[in-house]
$ cat coords-v5.cif   # mmCIF, C-alpha atoms
data_my_file
#
loop_
_atom_site.label_atom_id
_atom_site.label_comp_id
_atom_site.auth_asym_id
_atom_site.auth_seq_id
_atom_site.Cartn_x
_atom_site.Cartn_y
_atom_site.Cartn_z
CA MET A 2 15.43 -9.47 28.07
CA PHE A 3 16.82 -9.13 24.58
CA LYS A 4 20.07 -7.52 23.50
CA ILE A 5 19.58 -4.66 21.08
CA GLY A 6 20.51 -6.83 18.07
CA GLU A 7 17.97 -9.48 19.01
CA PHE A 8 15.29 -6.87 19.64
CA SER A 9 16.15 -5.34 16.27
CA LYS A 10 15.55 -8.65 14.52
CA ILE A 11 12.29 -9.30 16.36
CA SER A 12 10.96 -5.81 15.68
CA ARG A 13 12.53 -5.42 12.21
CA VAL A 14 13.81 -2.01 13.24
CA PRO A 15 17.51 -1.29 12.60
CA VAL A 16 19.85 -1.17 15.59
CA LYS A 17 20.86 2.35 14.53
CA THR A 18 17.23 3.46 14.81
CA LEU A 19 16.82 1.86 18.25
CA ARG A 20 19.96 3.66 19.43
CA TYR A 21 18.59 6.94 18.08
CA TYR A 22 15.23 6.41 19.81
CA ASP A 23 17.17 5.81 23.04
CA GLU A 24 19.24 8.95 22.46
CA ILE A 25 16.15 11.16 22.05
CA GLY A 26 14.25 9.43 24.85
CA LEU A 27 11.53 7.96 22.64
CA LEU A 28 12.23 4.31 23.47
CA ARG A 29 14.69 3.74 26.27
CA PRO A 30 16.02 0.21 26.86
CA ALA A 31 14.55 -1.59 29.84
CA ARG A 32 18.09 -1.97 31.14
CA THR A 33 21.57 -0.82 30.18
CA ASP A 34 24.57 -2.74 31.48
CA ASP A 35 26.71 -0.31 33.48
CA PHE A 36 29.92 -2.14 32.61
CA THR A 37 29.45 -2.93 28.89
CA GLY A 38 26.88 -0.33 27.91
CA TYR A 39 24.80 -3.04 26.22
CA ARG A 40 21.16 -2.14 25.84
CA TYR A 41 18.52 -4.71 26.81
CA TYR A 42 14.87 -4.52 25.79
CA ALA A 43 11.83 -6.28 27.24
CA ILE A 44 9.29 -7.96 24.99
CA GLU A 45 6.63 -5.63 26.42
CA GLN A 46 8.42 -2.72 24.71
CA LEU A 47 7.33 -4.03 21.32
CA ALA A 48 3.89 -2.50 21.90
CA ARG A 49 5.36 0.99 22.34
CA LEU A 50 7.68 0.49 19.37
CA ASN A 51 4.76 -0.59 17.19
CA ARG A 52 2.84 2.55 18.22
CA ILE A 53 5.87 4.66 17.33
CA LEU A 54 6.09 3.04 13.90
CA ALA A 55 2.36 3.42 13.26
CA LEU A 56 2.37 7.10 14.19
CA LYS A 57 5.51 7.62 12.10
CA ASP A 58 3.73 6.03 9.13
CA LEU A 59 0.92 8.54 9.64
CA GLY A 60 3.50 11.29 9.22
CA PHE A 61 3.89 12.48 12.79
CA ALA A 62 7.26 13.92 13.77
CA LEU A 63 9.20 12.06 16.45
CA GLU A 64 8.70 14.93 18.91
CA GLN A 65 4.93 14.73 18.39
CA ILE A 66 5.04 10.96 18.83
CA ALA A 67 6.91 11.36 22.11
CA ARG A 68 4.22 13.74 23.42
CA LEU A 69 1.44 11.44 22.24
CA LEU A 70 2.92 8.35 23.87
CA ASP A 71 4.13 9.93 27.09
CA GLY A 72 0.61 10.84 28.05
CA ASN A 73 1.18 14.57 28.10
CA LEU A 74 -1.96 14.97 26.02
CA SER A 75 -5.54 14.43 26.98
CA PRO A 76 -7.57 11.96 24.90
CA ASP A 77 -9.47 14.93 23.41
CA HIS A 78 -6.24 16.64 22.40
CA MET A 79 -4.98 13.38 20.92
CA ARG A 80 -8.18 13.02 18.88
CA GLU A 81 -7.77 16.64 17.75
CA LEU A 82 -4.19 15.97 16.61
CA LEU A 83 -5.24 12.83 14.75
CA ALA A 84 -8.10 14.71 13.07
CA MET A 85 -5.70 17.47 12.00
CA ARG A 86 -3.27 14.91 10.60
CA GLN A 87 -6.12 13.19 8.77
CA ALA A 88 -7.10 16.53 7.18
CA GLU A 89 -3.48 17.13 6.12
CA LEU A 90 -3.32 13.68 4.51
CA ARG A 91 -6.62 14.25 2.68
CA GLU A 92 -5.26 17.51 1.29
CA ARG A 93 -2.11 15.74 0.11
CA VAL A 94 -4.19 13.14 -1.69
CA ARG A 95 -6.04 15.92 -3.52
CA GLN A 96 -2.67 17.18 -4.80
CA VAL A 97 -1.65 13.81 -6.26
CA ARG A 98 -2.06 13.40 -9.99
CA LEU A 99 -2.36 10.30 -12.07
CA GLU A 100 -0.54 10.52 -15.36
CA ARG A 101 -0.26 8.05 -18.16
CA TYR A 102 3.12 7.39 -19.75
CA HIS A 103 3.39 5.74 -23.12
CA GLU A 104 7.07 4.98 -23.19
CA GLY A 105 6.83 1.81 -25.17
CA PRO A 106 9.91 -0.42 -25.26
CA CYS A 107 12.70 0.54 -22.88
CA ALA A 108 16.10 -0.70 -21.87
CA GLN A 109 17.06 -0.34 -18.26
CA ILE A 110 19.98 -1.01 -15.97
CA LEU A 111 20.50 -0.96 -12.23
CA HIS A 112 23.20 1.44 -11.07
CA THR A 113 24.62 0.94 -7.59
CA GLY A 114 26.67 3.81 -6.19
CA PRO A 115 26.64 7.59 -5.94
CA TYR A 116 24.66 9.58 -8.49
CA SER A 117 27.87 11.26 -9.64
CA ALA A 118 29.19 7.86 -10.78
CA GLU A 119 26.27 7.16 -13.14
CA PRO A 120 27.88 8.23 -16.48
CA PRO A 121 29.76 4.93 -17.07
CA THR A 122 26.56 2.98 -16.30
CA ILE A 123 24.63 5.15 -18.77
CA GLU A 124 27.34 4.54 -21.38
CA ARG A 125 26.95 0.77 -20.85
CA LEU A 126 23.20 1.15 -21.31
CA HIS A 127 23.70 3.10 -24.54
CA ALA A 128 26.18 0.48 -25.83
CA PHE A 129 23.69 -2.29 -25.02
CA ILE A 130 20.93 -0.46 -26.94
CA ALA A 131 23.15 0.09 -30.01
CA ALA A 132 24.46 -3.49 -29.98
CA ARG A 133 20.91 -4.81 -30.20
CA GLY A 134 19.94 -2.64 -33.15
CA TYR A 135 17.90 -0.04 -31.32
CA ARG A 136 18.20 3.70 -31.03
CA ARG A 137 17.53 5.92 -28.07
CA ARG A 138 14.18 7.70 -28.08
CA GLY A 139 13.97 10.75 -25.86
CA LYS A 140 15.82 11.21 -22.60
CA HIS A 141 16.52 8.54 -20.05
CA HIS A 142 14.97 8.81 -16.63
CA GLU A 143 15.96 7.55 -13.22
CA ILE A 144 14.03 5.71 -10.56
CA TYR A 145 15.60 6.11 -7.14
CA LEU A 146 15.29 3.05 -4.91
CA GLY A 147 16.77 4.54 -1.76
CA ASP A 148 16.77 7.65 0.35
CA PRO A 149 20.09 9.50 -0.06
CA ARG A 150 19.62 10.99 3.42
CA GLN A 151 19.62 7.51 4.98
CA THR A 152 21.79 5.47 2.60
CA ALA A 153 25.54 5.57 2.14
CA PRO A 154 26.36 6.92 -1.37
CA GLU A 155 28.09 3.69 -2.40
CA LYS A 156 24.92 1.73 -1.57
CA LEU A 157 22.42 3.92 -3.44
CA LYS A 158 20.46 2.03 -6.09
CA THR A 159 19.03 3.71 -9.17
CA ILE A 160 17.20 2.22 -12.13
CA ILE A 161 18.21 4.06 -15.29
CA ARG A 162 15.53 3.60 -17.97
CA GLN A 163 15.93 4.63 -21.60
CA PRO A 164 13.01 4.51 -24.06
CA VAL A 165 14.09 2.88 -27.34
CA ALA A 166 12.86 2.40 -30.90
CA ALA A 167 13.94 0.18 -33.76
CA ALA A 168 16.95 1.65 -35.55
#
$ encode --input "coords-v5.cif" --output "structure tokens"
Amino acid sequence: MFKIGEFSKISRVPVKTLRYYDEIGLLRPARTDDFTGYRYYAIEQLARLNRILALKDLGFALEQIARLLDGNLSPDHMRELLAMRQAELRERVRQVRLERYHEGPCAQILHTGPYSAEPPTIERLHAFIAARGYRRRGKHHEIYLGDPRQTAPEKLKTIIRQPVAAA
């Protein structure tokens, strides 16, 4: 048996996620200590967790995953669901576009913190550009490296990129 933290490290799934899966009944611990409340997982539960992660990667909702894994669906129904999901993914791929960007030289900086606190970082980027004899060309753009729904605002990371040209 592994404590939740150990199971988290083995599976590379955050403790918070394991607790949530327990809360919604998707992956219950093999045992919970009545006195301490510690959750313990068995190594055999890795197989179920890996199935959950694979189905999640395919875009299934957690409720759908629960139904798929709990055996409430016949193999034919499961194949039907997988075929429907495959069709949805194919349609999404048709909607993706490939575009070419010709930005040329750029200066960029990593901002860590809430989006509302970006102005001083952008000012530092502009000062850097000017100090090196360049001028800004067009608008800057941002590349978000985290999901604001799952990351604390102070831990959000954003690359701020500014196209430049010789002054």
$ resolve_selection --input "coords-v5.cif" --expression "the PyMOL selection byres ((chain A and resi 140) around 12)" --output "list in words"
Glu104, Cys107, Ala108, Ile123, His127, Arg136, Arg137, Arg138, Gly139, His141, His142, Glu143, Ile161, Arg162, Gln163, Pro164 and Val165 of chain A
$ closest_residue --input "coords-v5.cif" --among "A:Pro106, A:Arg20, A:Tyr41, A:Ala31" --to "Phe8 (chain A)" --atoms "all atoms listed in the file"
A:Tyr41
$ residues_around --input "coords-v5.cif" --residues "Pro115 (chain A)" --least-positions-apart "3" --cutoff "8 Å" --atoms "all atoms listed in the file" --output "list of chain:residue names"
A:Ala118, A:Glu119, A:Pro154, A:Glu155, A:Lys156, A:Leu157
$ residues_around --input "coords-v5.cif" --residues "Tyr42 (chain A)" --least-positions-apart "3" --cutoff "10 Å" --atoms "all atoms listed in the file" --output "list in words"
Met2, Phe3, Lys4, Ile5, Gly6, Glu7, Phe8, Ser9, Leu28, Arg29, Pro30, Ala31, Arg32, Thr33, Glu45, Gln46 and Leu47 of chain A
$ resolve_selection --input "coords-v5.cif" --expression "the PyMOL selection byres ((chain A and resi 75-83) around 12)" --output "ChimeraX atom specification"
/A:56,59-62,65-66,68-74,84-90
$ closest_residue --input "coords-v5.cif" --among "A:Tyr39, A:Ile130, A:Tyr135, A:Leu54" --to "Val14 (chain A)" --atoms "all atoms listed in the file"
A:Leu54
$ closest_residue --input "coords-v5.cif" --among "A:Pro15, A:Gly114, A:Gly105, A:Gly38" --to "Tyr145 (chain A)" --atoms "all atoms listed in the file"
A:Gly114
$ atom_distance --input "coords-v5.cif" --atom1 "CA of Thr152 (chain A)" --atom2 "CA of Leu111 (chain A)"
16.2 Å
$ build_atoms --input "coords-v5.cif" --residues "region 53-64 of chain A" --atoms "all heavy atoms" --output "PDB file, in the coordinates of the input"
ATOM      1  N   ILE A  53       4.966   3.672  17.922  1.00  0.00           N
ATOM      2  CA  ILE A  53       5.870   4.660  17.330  1.00  0.00           C
ATOM      3  C   ILE A  53       5.878   4.510  15.809  1.00  0.00           C
ATOM      4  O   ILE A  53       5.733   5.491  15.071  1.00  0.00           O
ATOM      5  CB  ILE A  53       7.305   4.510  17.892  1.00  0.00           C
ATOM      6  CG1 ILE A  53       7.356   4.907  19.364  1.00  0.00           C
ATOM      7  CG2 ILE A  53       8.317   5.321  17.070  1.00  0.00           C
ATOM      8  CD1 ILE A  53       8.634   4.504  20.092  1.00  0.00           C
ATOM      9  N   LEU A  54       6.025   3.287  15.348  1.00  0.00           N
ATOM     10  CA  LEU A  54       6.090   3.040  13.900  1.00  0.00           C
ATOM     11  C   LEU A  54       4.776   3.404  13.212  1.00  0.00           C
ATOM     12  O   LEU A  54       4.783   3.981  12.114  1.00  0.00           O
ATOM     13  CB  LEU A  54       6.459   1.580  13.633  1.00  0.00           C
ATOM     14  CG  LEU A  54       7.834   1.145  14.154  1.00  0.00           C
ATOM     15  CD1 LEU A  54       8.035  -0.347  13.958  1.00  0.00           C
ATOM     16  CD2 LEU A  54       8.957   1.943  13.503  1.00  0.00           C
ATOM     17  N   ALA A  55       3.658   3.087  13.848  1.00  0.00           N
ATOM     18  CA  ALA A  55       2.360   3.420  13.260  1.00  0.00           C
ATOM     19  C   ALA A  55       2.169   4.922  13.152  1.00  0.00           C
ATOM     20  O   ALA A  55       1.734   5.435  12.115  1.00  0.00           O
ATOM     21  CB  ALA A  55       1.235   2.787  14.090  1.00  0.00           C
ATOM     22  N   LEU A  56       2.516   5.643  14.214  1.00  0.00           N
ATOM     23  CA  LEU A  56       2.370   7.100  14.190  1.00  0.00           C
ATOM     24  C   LEU A  56       3.348   7.727  13.188  1.00  0.00           C
ATOM     25  O   LEU A  56       3.016   8.711  12.516  1.00  0.00           O
ATOM     26  CB  LEU A  56       2.575   7.679  15.591  1.00  0.00           C
ATOM     27  CG  LEU A  56       1.446   7.344  16.583  1.00  0.00           C
ATOM     28  CD1 LEU A  56       1.866   7.676  18.000  1.00  0.00           C
ATOM     29  CD2 LEU A  56       0.164   8.069  16.199  1.00  0.00           C
ATOM     30  N   LYS A  57       4.534   7.141  13.079  1.00  0.00           N
ATOM     31  CA  LYS A  57       5.510   7.620  12.100  1.00  0.00           C
ATOM     32  C   LYS A  57       4.968   7.432  10.680  1.00  0.00           C
ATOM     33  O   LYS A  57       5.096   8.307   9.833  1.00  0.00           O
ATOM     34  CB  LYS A  57       6.818   6.861  12.281  1.00  0.00           C
ATOM     35  CG  LYS A  57       8.048   7.670  11.991  1.00  0.00           C
ATOM     36  CD  LYS A  57       9.272   6.905  12.356  1.00  0.00           C
ATOM     37  CE  LYS A  57      10.069   6.809  11.097  1.00  0.00           C
ATOM     38  NZ  LYS A  57      11.121   5.896  11.055  1.00  0.00           N
ATOM     39  N   ASP A  58       4.331   6.290  10.442  1.00  0.00           N
ATOM     40  CA  ASP A  58       3.730   6.030   9.130  1.00  0.00           C
ATOM     41  C   ASP A  58       2.619   7.019   8.808  1.00  0.00           C
ATOM     42  O   ASP A  58       2.357   7.313   7.642  1.00  0.00           O
ATOM     43  CB  ASP A  58       3.176   4.608   9.054  1.00  0.00           C
ATOM     44  CG  ASP A  58       4.268   3.560   8.885  1.00  0.00           C
ATOM     45  OD1 ASP A  58       5.417   3.938   8.555  1.00  0.00           O
ATOM     46  OD2 ASP A  58       3.978   2.363   9.076  1.00  0.00           O
ATOM     47  N   LEU A  59       1.962   7.530   9.854  1.00  0.00           N
ATOM     48  CA  LEU A  59       0.920   8.540   9.640  1.00  0.00           C
ATOM     49  C   LEU A  59       1.519   9.924   9.393  1.00  0.00           C
ATOM     50  O   LEU A  59       0.785  10.867   9.122  1.00  0.00           O
ATOM     51  CB  LEU A  59      -0.014   8.600  10.848  1.00  0.00           C
ATOM     52  CG  LEU A  59      -0.964   7.413  10.999  1.00  0.00           C
ATOM     53  CD1 LEU A  59      -1.692   7.491  12.332  1.00  0.00           C
ATOM     54  CD2 LEU A  59      -1.948   7.367   9.849  1.00  0.00           C
ATOM     55  N   GLY A  60       2.839  10.031   9.515  1.00  0.00           N
ATOM     56  CA  GLY A  60       3.500  11.290   9.220  1.00  0.00           C
ATOM     57  C   GLY A  60       3.782  12.173  10.410  1.00  0.00           C
ATOM     58  O   GLY A  60       4.182  13.325  10.244  1.00  0.00           O
ATOM     59  N   PHE A  61       3.580  11.680  11.610  1.00  0.00           N
ATOM     60  CA  PHE A  61       3.890  12.480  12.790  1.00  0.00           C
ATOM     61  C   PHE A  61       5.395  12.573  12.973  1.00  0.00           C
ATOM     62  O   PHE A  61       6.130  11.621  12.711  1.00  0.00           O
ATOM     63  CB  PHE A  61       3.273  11.858  14.049  1.00  0.00           C
ATOM     64  CG  PHE A  61       1.799  12.087  14.182  1.00  0.00           C
ATOM     65  CD1 PHE A  61       0.890  11.141  13.743  1.00  0.00           C
ATOM     66  CD2 PHE A  61       1.317  13.263  14.739  1.00  0.00           C
ATOM     67  CE1 PHE A  61      -0.472  11.351  13.863  1.00  0.00           C
ATOM     68  CE2 PHE A  61      -0.047  13.481  14.866  1.00  0.00           C
ATOM     69  CZ  PHE A  61      -0.948  12.524  14.417  1.00  0.00           C
ATOM     70  N   ALA A  62       5.850  13.720  13.447  1.00  0.00           N
ATOM     71  CA  ALA A  62       7.260  13.920  13.770  1.00  0.00           C
ATOM     72  C   ALA A  62       7.560  13.185  15.065  1.00  0.00           C
ATOM     73  O   ALA A  62       6.668  12.960  15.900  1.00  0.00           O
ATOM     74  CB  ALA A  62       7.552  15.414  13.940  1.00  0.00           C
ATOM     75  N   LEU A  63       8.820  12.813  15.252  1.00  0.00           N
ATOM     76  CA  LEU A  63       9.200  12.060  16.450  1.00  0.00           C
ATOM     77  C   LEU A  63       8.882  12.824  17.735  1.00  0.00           C
ATOM     78  O   LEU A  63       8.494  12.222  18.734  1.00  0.00           O
ATOM     79  CB  LEU A  63      10.682  11.684  16.393  1.00  0.00           C
ATOM     80  CG  LEU A  63      11.055  10.704  15.277  1.00  0.00           C
ATOM     81  CD1 LEU A  63      12.559  10.442  15.278  1.00  0.00           C
ATOM     82  CD2 LEU A  63      10.282   9.400  15.394  1.00  0.00           C
ATOM     83  N   GLU A  64       9.022  14.142  17.717  1.00  0.00           N
ATOM     84  CA  GLU A  64       8.700  14.930  18.910  1.00  0.00           C
ATOM     85  C   GLU A  64       7.209  14.827  19.223  1.00  0.00           C
ATOM     86  O   GLU A  64       6.814  14.742  20.387  1.00  0.00           O
ATOM     87  CB  GLU A  64       9.067  16.411  18.708  1.00  0.00           C
ATOM     88  CG  GLU A  64      10.518  16.675  18.394  1.00  0.00           C
ATOM     89  CD  GLU A  64      10.854  16.448  16.912  1.00  0.00           C
ATOM     90  OE1 GLU A  64      10.021  16.740  16.026  1.00  0.00           O
ATOM     91  OE2 GLU A  64      11.959  15.952  16.653  1.00  0.00           O
TER      92      GLU A  64
END
